[in-house]
$ cat my_file.cif   # mmCIF, C-alpha atoms and all ligand atoms
data_entry
loop_
_atom_site.label_atom_id
_atom_site.label_comp_id
_atom_site.auth_asym_id
_atom_site.auth_seq_id
_atom_site.Cartn_x
_atom_site.Cartn_y
_atom_site.Cartn_z
CA MET A 977 0.00 0.00 0.00
CA SER A 978 2.87 2.32 0.76
CA ALA A 979 3.62 4.48 -2.28
CA HIS A 980 -0.07 4.92 -2.93
CA GLU A 981 -0.87 5.75 0.70
CA ARG A 982 2.00 8.21 1.10
CA ALA A 983 0.89 10.19 -1.93
CA ARG A 984 -2.31 10.91 -0.03
CA ILE A 985 -0.40 13.02 2.51
CA SER A 986 -0.82 15.93 0.14
CA ARG A 987 -4.58 15.75 0.83
CA ALA A 988 -4.19 16.36 4.57
CA ARG A 989 -5.90 19.60 5.61
CA ARG A 990 -4.90 19.62 9.27
CA ILE A 991 -1.44 18.47 10.33
CA VAL A 992 0.25 18.24 13.73
CA VAL A 993 4.06 18.24 13.48
CA LYS A 994 6.07 17.23 16.55
CA VAL A 995 9.78 17.96 16.73
CA GLY A 996 12.04 16.53 19.42
CA SER A 997 14.52 18.44 21.60
CA SER A 998 17.61 16.76 20.17
CA SER A 999 16.59 17.85 16.64
CA ILE A 1000 16.48 21.58 17.38
CA THR A 1001 18.86 22.34 20.26
CA GLY A 1002 22.64 22.21 20.72
CA ASP A 1003 24.53 21.25 17.54
CA ARG A 1004 21.30 20.89 15.62
CA VAL A 1005 19.79 24.31 16.37
CA ASP A 1006 20.31 25.15 12.68
CA GLN A 1007 17.60 22.63 11.78
CA ILE A 1008 14.92 25.03 13.05
CA GLY A 1009 15.33 27.31 9.99
CA PRO A 1010 14.65 24.65 7.31
CA LEU A 1011 11.87 23.14 9.43
CA VAL A 1012 10.13 26.50 9.70
CA GLU A 1013 10.52 26.98 5.91
CA THR A 1014 8.73 23.67 5.41
CA LEU A 1015 5.96 24.54 7.88
CA ALA A 1016 5.50 27.96 6.29
CA ALA A 1017 5.28 26.45 2.80
CA THR A 1018 2.68 23.95 4.04
CA HIS A 1019 0.73 26.71 5.78
CA GLY A 1020 0.97 28.71 2.55
CA ARG A 1021 -0.88 25.91 0.70
CA GLY A 1022 -3.85 26.55 3.00
CA VAL A 1023 -3.12 23.59 5.30
CA GLU A 1024 -3.74 24.04 9.03
CA VAL A 1025 -0.47 23.36 10.84
CA VAL A 1026 0.14 22.92 14.58
CA LEU A 1027 3.73 22.50 15.81
CA VAL A 1028 4.44 20.60 19.01
CA SER A 1029 7.97 21.68 19.87
CA SER A 1030 10.09 20.21 22.63
CA GLY A 1031 13.36 21.82 23.62
CA ALA A 1032 12.41 24.18 26.46
CA VAL A 1033 14.35 22.32 29.16
CA PRO A 1034 17.65 21.77 27.25
CA SER A 1035 17.54 25.25 25.76
CA GLY A 1036 17.02 26.83 29.20
CA MET A 1037 19.77 24.69 30.71
CA ARG A 1038 22.21 25.86 28.06
CA HIS A 1039 21.31 29.52 28.52
CA LEU A 1040 21.69 29.24 32.29
CA GLY A 1041 24.99 27.37 31.97
CA LEU A 1042 23.63 24.27 33.72
CA GLU A 1043 24.62 20.67 33.03
CA GLU A 1044 21.71 18.84 31.44
CA LYS A 1045 19.87 16.19 33.43
CA GLN A 1046 22.10 16.74 36.45
CA VAL A 1047 19.82 19.10 38.27
CA ASP A 1048 16.74 18.60 40.40
CA LEU A 1049 13.21 18.84 39.08
CA ALA A 1050 12.63 22.39 40.36
CA THR A 1051 15.71 23.64 38.50
CA GLN A 1052 14.65 21.82 35.33
CA GLN A 1053 11.23 23.42 35.61
CA ALA A 1054 12.82 26.84 36.12
CA ALA A 1055 15.09 26.20 33.12
CA ALA A 1056 12.02 25.35 31.04
CA SER A 1057 10.64 28.79 31.80
CA VAL A 1058 13.75 30.43 30.34
CA GLY A 1059 14.05 27.97 27.44
CA GLN A 1060 10.41 28.28 26.43
CA ASN A 1061 10.88 32.00 26.09
CA VAL A 1062 13.98 31.47 23.94
CA LEU A 1063 12.11 29.03 21.67
CA ALA A 1064 9.12 31.36 21.39
CA ALA A 1065 11.42 34.18 20.26
CA ILE A 1066 13.04 31.95 17.62
CA TYR A 1067 9.67 30.80 16.24
CA ARG A 1068 8.27 34.32 16.34
CA GLU A 1069 11.23 35.62 14.34
CA THR A 1070 11.47 32.77 11.81
CA LEU A 1071 7.72 32.46 11.16
CA GLY A 1072 7.41 36.26 11.12
CA ARG A 1073 9.63 36.31 8.02
CA HIS A 1074 6.78 34.49 6.30
CA ASP A 1075 4.14 36.81 7.78
CA ILE A 1076 2.83 34.01 9.99
CA PHE A 1077 1.98 34.68 13.63
CA ALA A 1078 2.97 31.98 16.09
CA GLY A 1079 0.53 31.30 18.93
CA GLN A 1080 1.94 29.77 22.12
CA VAL A 1081 -0.03 27.00 23.85
CA LEU A 1082 1.39 25.39 27.00
CA LEU A 1083 -0.57 22.39 28.23
CA THR A 1084 -0.66 20.07 31.20
CA GLU A 1085 -2.15 16.60 30.86
CA GLY A 1086 -5.45 17.62 32.44
CA ASP A 1087 -5.95 20.18 29.67
CA LEU A 1088 -6.30 17.27 27.23
CA LEU A 1089 -8.03 14.77 29.53
CA ASP A 1090 -10.48 16.59 31.76
CA GLU A 1091 -13.52 18.65 30.94
CA PRO A 1092 -14.03 21.59 30.66
CA HIS A 1093 -10.30 22.14 29.97
CA ARG A 1094 -10.35 19.68 27.08
CA SER A 1095 -13.16 21.38 25.18
CA ASN A 1096 -11.63 24.75 25.86
CA THR A 1097 -8.22 23.64 24.55
CA ARG A 1098 -9.88 22.36 21.36
CA ARG A 1099 -11.89 25.54 20.94
CA THR A 1100 -8.88 27.81 21.37
CA ILE A 1101 -6.69 25.82 18.98
CA ASN A 1102 -9.50 25.74 16.43
CA ARG A 1103 -9.80 29.49 16.75
CA LEU A 1104 -6.04 29.99 16.40
CA LEU A 1105 -6.21 27.95 13.18
CA ASP A 1106 -9.25 29.92 11.95
CA LEU A 1107 -7.16 33.04 12.47
CA ARG A 1108 -4.46 31.45 10.26
CA THR A 1109 -1.87 31.53 13.04
CA LEU A 1110 0.48 28.61 13.61
CA PRO A 1111 -0.02 27.34 17.18
CA ILE A 1112 3.17 26.16 18.87
CA VAL A 1113 2.49 23.72 21.67
CA ASN A 1114 4.62 22.32 24.47
CA GLU A 1115 3.98 20.82 27.85
CA ASN A 1116 3.77 23.52 30.50
CA ASP A 1117 6.94 22.15 32.08
CA THR A 1118 7.25 25.01 34.53
CA VAL A 1119 4.08 24.15 36.44
CA ALA A 1120 3.45 20.49 35.53
CA THR A 1121 3.89 18.39 38.66
CA HIS A 1122 5.89 15.20 38.58
CA GLY A 1123 2.94 12.84 38.58
CA LEU A 1124 1.02 14.87 36.04
CA ARG A 1125 3.73 15.33 33.42
CA PHE A 1126 2.99 13.83 30.03
CA GLY A 1127 6.51 12.49 30.18
CA ASP A 1128 7.08 12.90 26.51
CA ASN A 1129 5.83 15.17 23.81
CA ASP A 1130 5.18 12.25 21.44
CA ARG A 1131 2.22 11.35 23.62
CA LEU A 1132 1.13 14.96 24.00
CA ALA A 1133 1.22 15.37 20.20
CA ALA A 1134 -0.83 12.18 19.71
CA MET A 1135 -3.45 13.20 22.27
CA LEU A 1136 -3.65 16.66 20.74
CA SER A 1137 -4.02 15.20 17.22
CA VAL A 1138 -6.96 13.14 18.44
CA LEU A 1139 -8.52 16.10 20.25
CA ILE A 1140 -8.42 18.40 17.21
CA ARG A 1141 -9.03 15.55 14.72
CA ALA A 1142 -5.87 16.09 12.70
CA ASP A 1143 -5.58 14.19 9.41
CA LEU A 1144 -1.87 13.61 9.89
CA LEU A 1145 0.64 13.53 12.75
CA LEU A 1146 4.28 13.92 11.68
CA LEU A 1147 6.68 12.78 14.42
CA LEU A 1148 10.16 14.17 13.74
CA SER A 1149 13.36 13.13 15.49
CA ASP A 1150 16.96 12.20 14.62
CA ILE A 1151 16.17 8.78 13.17
CA ASP A 1152 14.90 8.49 9.58
CA ALA A 1153 12.39 5.72 10.37
CA LEU A 1154 11.50 2.99 12.83
CA TYR A 1155 13.46 -0.27 12.57
CA THR A 1156 12.66 -3.81 13.60
CA LYS A 1157 15.29 -3.41 16.34
CA PRO A 1158 17.53 -0.46 17.36
CA PRO A 1159 19.16 0.59 14.06
CA HIS A 1160 22.74 0.16 15.28
CA LEU A 1161 22.12 -3.55 15.88
CA PRO A 1162 22.90 -6.06 13.11
CA GLY A 1163 19.87 -7.23 11.18
CA ALA A 1164 17.78 -4.10 11.90
CA VAL A 1165 15.40 -3.51 9.00
CA ARG A 1166 13.47 -0.32 8.28
CA ILE A 1167 9.73 -0.64 8.84
CA GLU A 1168 7.91 1.03 5.96
CA ASP A 1169 4.31 0.66 7.05
CA ILE A 1170 2.40 -0.47 10.08
CA GLY A 1171 -1.21 -1.50 9.56
CA TRP A 1172 -3.72 -0.11 12.06
CA ASP A 1173 -4.33 -3.58 13.56
CA GLN A 1174 -0.93 -5.13 12.82
CA PRO A 1175 0.64 -6.93 15.80
CA LEU A 1176 4.16 -5.75 16.61
CA ASP A 1177 5.38 -8.99 18.17
CA GLY A 1178 9.08 -9.61 17.78
CA MET A 1179 9.94 -5.97 17.16
CA GLU A 1180 12.16 -4.17 19.64
CA PHE A 1181 11.74 -0.41 20.06
CA GLY A 1182 14.43 1.26 22.13
CA LYS A 1183 14.45 4.24 24.44
CA SER A 1184 16.01 7.64 23.69
CA GLU A 1185 19.78 7.51 23.53
CA SER A 1186 20.47 11.14 22.72
CA GLY A 1187 20.31 12.13 26.40
CA VAL A 1188 18.58 15.35 25.37
CA GLY A 1189 14.89 14.65 24.87
CA THR A 1190 12.85 12.04 26.66
CA GLY A 1191 11.28 10.22 23.72
CA GLY A 1192 12.68 7.19 21.89
CA ALA A 1193 11.34 4.71 19.33
CA ASP A 1194 9.19 3.15 22.07
CA THR A 1195 7.34 6.37 22.90
CA LYS A 1196 6.87 7.06 19.19
CA VAL A 1197 5.26 3.69 18.56
CA THR A 1198 2.94 4.05 21.57
CA ALA A 1199 1.96 7.58 20.55
CA ALA A 1200 1.56 6.68 16.88
CA ARG A 1201 -0.70 3.74 17.67
CA LEU A 1202 -2.85 5.92 19.92
CA ALA A 1203 -3.35 8.46 17.13
CA ALA A 1204 -3.79 5.84 14.37
CA ALA A 1205 -6.46 4.02 16.41
CA ALA A 1206 -8.43 7.28 16.53
CA GLY A 1207 -8.15 7.75 12.75
CA THR A 1208 -5.12 10.06 12.42
CA ALA A 1209 -2.43 8.84 10.00
CA VAL A 1210 1.08 9.06 11.45
CA LEU A 1211 4.47 9.35 9.80
CA VAL A 1212 7.67 8.95 11.83
CA THR A 1213 10.83 10.33 10.24
CA ALA A 1214 13.89 12.57 10.71
CA THR A 1215 13.61 16.35 10.97
CA PRO A 1216 15.64 17.06 7.79
CA LEU A 1217 13.19 14.84 5.86
CA ALA A 1218 10.10 16.83 6.88
CA ALA A 1219 9.72 18.50 3.47
CA ASP A 1220 10.06 15.16 1.63
CA ALA A 1221 7.57 13.59 4.02
CA LEU A 1222 4.99 16.30 3.41
CA ARG A 1223 5.42 15.90 -0.36
CA GLY A 1224 4.37 12.28 0.08
CA GLU A 1225 7.80 10.88 -0.73
CA HIS A 1226 8.70 7.45 0.43
CA VAL A 1227 10.44 8.26 3.71
CA GLY A 1228 9.95 7.19 7.34
CA THR A 1229 7.48 4.76 8.82
CA TRP A 1230 3.80 5.15 8.00
CA PHE A 1231 1.07 4.18 10.47
CA GLU A 1232 -2.16 3.49 8.68
CA PRO A 1233 -5.16 5.16 10.37
CA SER A 1234 -7.91 2.89 11.63
CA PRO A 1235 -10.81 2.69 9.18
CA GLN A 1236 -12.99 1.91 12.18
CA ALA A 1237 -12.53 5.30 13.85
CA PRO A 1238 -15.99 6.88 13.88
CA GLY A 1239 -16.79 9.98 11.90
CA ARG A 1240 -13.39 10.46 10.32
CA ILE A 1241 -12.51 11.48 6.80
CA LEU A 1242 -9.62 9.12 6.33
CA LEU A 1243 -6.63 10.05 4.23
N1 LIG B 1301 8.61 19.40 27.24
C1 LIG B 1301 10.02 19.07 27.21
C2 LIG B 1301 10.85 20.27 26.75
O1 LIG B 1301 10.35 21.16 26.11
C3 LIG B 1301 10.34 17.95 26.27
C4 LIG B 1301 9.68 16.64 26.50
C5 LIG B 1301 10.20 15.62 25.49
O2 LIG B 1301 11.42 15.56 25.29
O3 LIG B 1301 9.40 14.94 24.87
O4 LIG B 1301 12.04 20.30 26.98
#
$ encode --input "my_file.cif" --output "structure tokens" --more "lines below"
Ligand code: GLU
Amino acid sequence: MSAHERARISRARRIVVKVGSSSITGDRVDQIGPLVETLAATHGRGVEVVLVSSGAVPSGMRHLGLEEKQVDLATQQAAASVGQNVLAAIYRETLGRHDIFAGQVLLTEGDLLDEPHRSNTRRTINRLLDLRTLPIVNENDTVATHGLRFGDNDRLAAMLSVLIRADLLLLLSDIDALYTKPPHLPGAVRIEDIGWDQPLDGMEFGKSESGVGTGGADTKVTAARLAAAAGTAVLVTATPLAADALRGEHVGTWFEPSPQAPGRILL
């Protein structure tokens, strides 16, 4: 099904793009520019685009001169406050060059799970999209309490995609696709497509090894399956391949959306 299915990406009218911390901070901060170009071009075609951007904690750590992951939770949460502001300034500047306003949306888990927060979150994001802004979402790391944290933005992005009924969720990280086992191991084979009801027995999805973000292949698979079960197609690929992915080229790992999800216009 793959080539045929991928070509349908160009029909998506509402897309959530999630980019991981390790793709846009530190040595890879230069990837933000090309990513924003891609998002702006997609937005320019009339598509509704929401960006879920990680990176607040590592960016704040770097600006404050702190060693990553070696500080207590309160310091990480304080660093997120600084880093979020840095990220917002970068997105404001880079999207502004394309005459696109960025809207900032910081969420805790309850904002996606509990009423009336859930309905209100959906309504505000819908309105931001109606206003042709590009909402930029992250977990509200500064106030999220330990037990309430999403834990990873892959899951946040999947839950958000379901809430706003996105046609496509694009999960971007450092790895070009998912593999049958961690890609550095012998015999690892790229997975091109995963059917909505396909069992994943025998596949081994590892945790993050970059030490920067919190998500790995395992969190991507869990998040992708959550979204696909609700009728949102998912593509997992590397940040530099975002433009190719959105052109429907044969990159990454495609999760077929469930045809059984009620009331969806399936890609
Ligand atoms: N919300 C965290 C941040 O902005 C990232 C969580 C994740 O890595 O998924 O740093």
$ residues_around --input "my_file.cif" --residues "region 1141-1147 of chain A" --least-positions-apart "5" --cutoff "6 Å" --atoms "all atoms listed in the file" --output "PyMOL selection string"
chain A and resi 988+990-994+1208-1212
$ closest_atom_pairs --input "my_file.cif" --of "chain A" --to "ligand LIG 1301 (chain B)" --cutoff "10 Å" --atoms "all atoms listed in the file" --output "Markdown table"
| residue | atom | partner | partner_atom | distance |
| --- | --- | --- | --- | --- |
| A:Lys994 | CA | B:LIG1301 | O3 | 9.2 |
| A:Val995 | CA | B:LIG1301 | O3 | 8.7 |
| A:Gly996 | CA | B:LIG1301 | O2 | 6.0 |
| A:Ser997 | CA | B:LIG1301 | O2 | 5.6 |
| A:Ser998 | CA | B:LIG1301 | O2 | 8.1 |
| A:Thr1001 | CA | B:LIG1301 | O4 | 9.8 |
| A:Val1028 | CA | B:LIG1301 | O1 | 9.3 |
| A:Ser1029 | CA | B:LIG1301 | O1 | 6.7 |
| A:Ser1030 | CA | B:LIG1301 | O1 | 3.6 |
| A:Gly1031 | CA | B:LIG1301 | O4 | 3.9 |
| A:Ala1032 | CA | B:LIG1301 | O1 | 3.7 |
| A:Val1033 | CA | B:LIG1301 | O4 | 3.8 |
| A:Pro1034 | CA | B:LIG1301 | O4 | 5.8 |
| A:Ser1035 | CA | B:LIG1301 | O4 | 7.5 |
| A:Gly1036 | CA | B:LIG1301 | O4 | 8.5 |
| A:Met1037 | CA | B:LIG1301 | O4 | 9.6 |
| A:Gln1052 | CA | B:LIG1301 | O4 | 8.9 |
| A:Gln1053 | CA | B:LIG1301 | O4 | 9.2 |
| A:Ala1055 | CA | B:LIG1301 | O4 | 9.0 |
| A:Ala1056 | CA | B:LIG1301 | O4 | 6.5 |
| A:Ser1057 | CA | B:LIG1301 | O1 | 9.5 |
| A:Gly1059 | CA | B:LIG1301 | O1 | 7.9 |
| A:Gln1060 | CA | B:LIG1301 | O1 | 7.1 |
| A:Leu1063 | CA | B:LIG1301 | O1 | 9.2 |
| A:Leu1082 | CA | B:LIG1301 | N1 | 9.4 |
| A:Leu1083 | CA | B:LIG1301 | N1 | 9.7 |
| A:Val1113 | CA | B:LIG1301 | N1 | 9.3 |
| A:Asn1114 | CA | B:LIG1301 | N1 | 5.7 |
| A:Glu1115 | CA | B:LIG1301 | N1 | 4.9 |
| A:Asn1116 | CA | B:LIG1301 | N1 | 7.1 |
| A:Asp1117 | CA | B:LIG1301 | N1 | 5.8 |
| A:Thr1118 | CA | B:LIG1301 | N1 | 9.3 |
| A:Ala1120 | CA | B:LIG1301 | N1 | 9.8 |
| A:Arg1125 | CA | B:LIG1301 | N1 | 8.9 |
| A:Phe1126 | CA | B:LIG1301 | C4 | 8.1 |
| A:Gly1127 | CA | B:LIG1301 | C4 | 6.4 |
| A:Asp1128 | CA | B:LIG1301 | O3 | 3.5 |
| A:Asn1129 | CA | B:LIG1301 | O3 | 3.7 |
| A:Asp1130 | CA | B:LIG1301 | O3 | 6.1 |
| A:Arg1131 | CA | B:LIG1301 | O3 | 8.1 |
| A:Leu1132 | CA | B:LIG1301 | O3 | 8.3 |
| A:Ala1133 | CA | B:LIG1301 | O3 | 9.4 |
| A:Ser1184 | CA | B:LIG1301 | O2 | 9.3 |
| A:Gly1187 | CA | B:LIG1301 | O2 | 9.6 |
| A:Val1188 | CA | B:LIG1301 | O2 | 7.2 |
| A:Gly1189 | CA | B:LIG1301 | O2 | 3.6 |
| A:Thr1190 | CA | B:LIG1301 | O2 | 4.0 |
| A:Gly1191 | CA | B:LIG1301 | O3 | 5.2 |
| A:Gly1192 | CA | B:LIG1301 | O3 | 8.9 |
| A:Thr1195 | CA | B:LIG1301 | O3 | 9.0 |
$ residues_around --input "my_file.cif" --residues "region 1177-1183 of chain A" --least-positions-apart "4" --cutoff "12 Å" --atoms "only C-alpha atoms" --output "PyMOL selection string"
chain A and resi 1128+1151+1153-1161+1163-1167+1170+1187-1198
$ residues_around --input "my_file.cif" --residues "Gly1224 (chain A)" --least-positions-apart "5" --cutoff "7 Å" --atoms "all atoms listed in the file" --output "PyMOL selection string"
chain A and resi 982-986
$ write_last_selection --input "my_file.cif" --atoms "C-alpha atoms" --output "PDB file, in the coordinates of the input"
ATOM      1  CA  ARG A 982       2.000   8.210   1.100  1.00  0.00           C
ATOM      2  CA  ALA A 983       0.890  10.190  -1.930  1.00  0.00           C
ATOM      3  CA  ARG A 984      -2.310  10.910  -0.030  1.00  0.00           C
ATOM      4  CA  ILE A 985      -0.400  13.020   2.510  1.00  0.00           C
ATOM      5  CA  SER A 986      -0.820  15.930   0.140  1.00  0.00           C
TER       6      SER A 986
END
$ residues_around --input "my_file.cif" --residues "Leu1217 (chain A)" --least-positions-apart "6" --cutoff "9 Å" --atoms "all atoms listed in the file" --output "mmCIF file with C-alpha atoms, in the frame of the given file"
data_model
loop_
_atom_site.group_PDB
_atom_site.id
_atom_site.type_symbol
_atom_site.label_atom_id
_atom_site.label_comp_id
_atom_site.auth_asym_id
_atom_site.auth_seq_id
_atom_site.Cartn_x
_atom_site.Cartn_y
_atom_site.Cartn_z
ATOM 1 C CA LEU A 1148 10.160 14.170 13.740
ATOM 2 C CA ASP A 1152 14.900 8.490 9.580
ATOM 3 C CA VAL A 1227 10.440 8.260 3.710
ATOM 4 C CA GLY A 1228 9.950 7.190 7.340
#
$ closest_residue --input "my_file.cif" --among "A:Asn1096, A:Ser1234, A:Thr1215, A:Thr1121" --to "Asp1006 (chain A)" --atoms "all atoms listed in the file"
A:Thr1215
$ closest_residue --input "my_file.cif" --among "A:Thr1018, A:Ser1149, A:Thr1051, A:Thr1097" --to "Pro1216 (chain A)" --atoms "all atoms listed in the file"
A:Ser1149
$ atom_distance --input "my_file.cif" --atom1 "CA of Gly1207 (chain A)" --atom2 "CA of Asp1169 (chain A)"
15.4 Å
$ residues_around --input "my_file.cif" --residues "Ala1065 (chain A)" --least-positions-apart "3" --cutoff "12 Å" --atoms "all atoms listed in the file" --output "list in words"
Ala1032, Val1058, Gly1059, Gln1060, Asn1061, Val1062, Arg1068, Glu1069, Thr1070, Leu1071, Gly1072, Phe1077, Ala1078, Gly1079, Gln1080 and Ile1112 of chain A
$ write_last_selection --input "my_file.cif" --atoms "C-alpha atoms" --output "mmCIF file, in the coordinates of the input"
data_model
loop_
_atom_site.group_PDB
_atom_site.id
_atom_site.type_symbol
_atom_site.label_atom_id
_atom_site.label_comp_id
_atom_site.auth_asym_id
_atom_site.auth_seq_id
_atom_site.Cartn_x
_atom_site.Cartn_y
_atom_site.Cartn_z
ATOM 1 C CA ALA A 1032 12.410 24.180 26.460
ATOM 2 C CA VAL A 1058 13.750 30.430 30.340
ATOM 3 C CA GLY A 1059 14.050 27.970 27.440
ATOM 4 C CA GLN A 1060 10.410 28.280 26.430
ATOM 5 C CA ASN A 1061 10.880 32.000 26.090
ATOM 6 C CA VAL A 1062 13.980 31.470 23.940
ATOM 7 C CA ARG A 1068 8.270 34.320 16.340
ATOM 8 C CA GLU A 1069 11.230 35.620 14.340
ATOM 9 C CA THR A 1070 11.470 32.770 11.810
ATOM 10 C CA LEU A 1071 7.720 32.460 11.160
ATOM 11 C CA GLY A 1072 7.410 36.260 11.120
ATOM 12 C CA PHE A 1077 1.980 34.680 13.630
ATOM 13 C CA ALA A 1078 2.970 31.980 16.090
ATOM 14 C CA GLY A 1079 0.530 31.300 18.930
ATOM 15 C CA GLN A 1080 1.940 29.770 22.120
ATOM 16 C CA ILE A 1112 3.170 26.160 18.870
#
$ residues_near_point --input "my_file.cif" --point "(7.0, 31.7, 7.3)" --cutoff "9 Å" --atoms "only C-alpha atoms" --output "JSON, numbers by chain"
{"A": [1012, 1013, 1014, 1015, 1016, 1017, 1019, 1020, 1070, 1071, 1072, 1073, 1074, 1075, 1076, 1077]}
$ closest_residue --input "my_file.cif" --among "A:Val1138, A:Ala1219, A:Leu1104, A:Leu1176" --to "Ala1204 (chain A)" --atoms "all atoms listed in the file"
A:Val1138
$ closest_residue --input "my_file.cif" --among "A:Ala1054, A:Leu1136, A:Ala1203, A:Ala1218" --to "Gly1086 (chain A)" --atoms "all atoms listed in the file"
A:Leu1136
$ atom_distance --input "my_file.cif" --atom1 "CA of Arg1021 (chain A)" --atom2 "CA of Gln1236 (chain A)"
29.2 Å
$ closest_residue --input "my_file.cif" --among "A:Asp1173, A:Leu1011, A:Ser999, A:Arg1038" --to "Ala1221 (chain A)" --atoms "all atoms listed in the file"
A:Leu1011
$ closest_residue --input "my_file.cif" --among "A:Phe1231, A:Arg987, A:Asp1220, A:Asp1150" --to "Glu1168 (chain A)" --atoms "all atoms listed in the file"
A:Phe1231
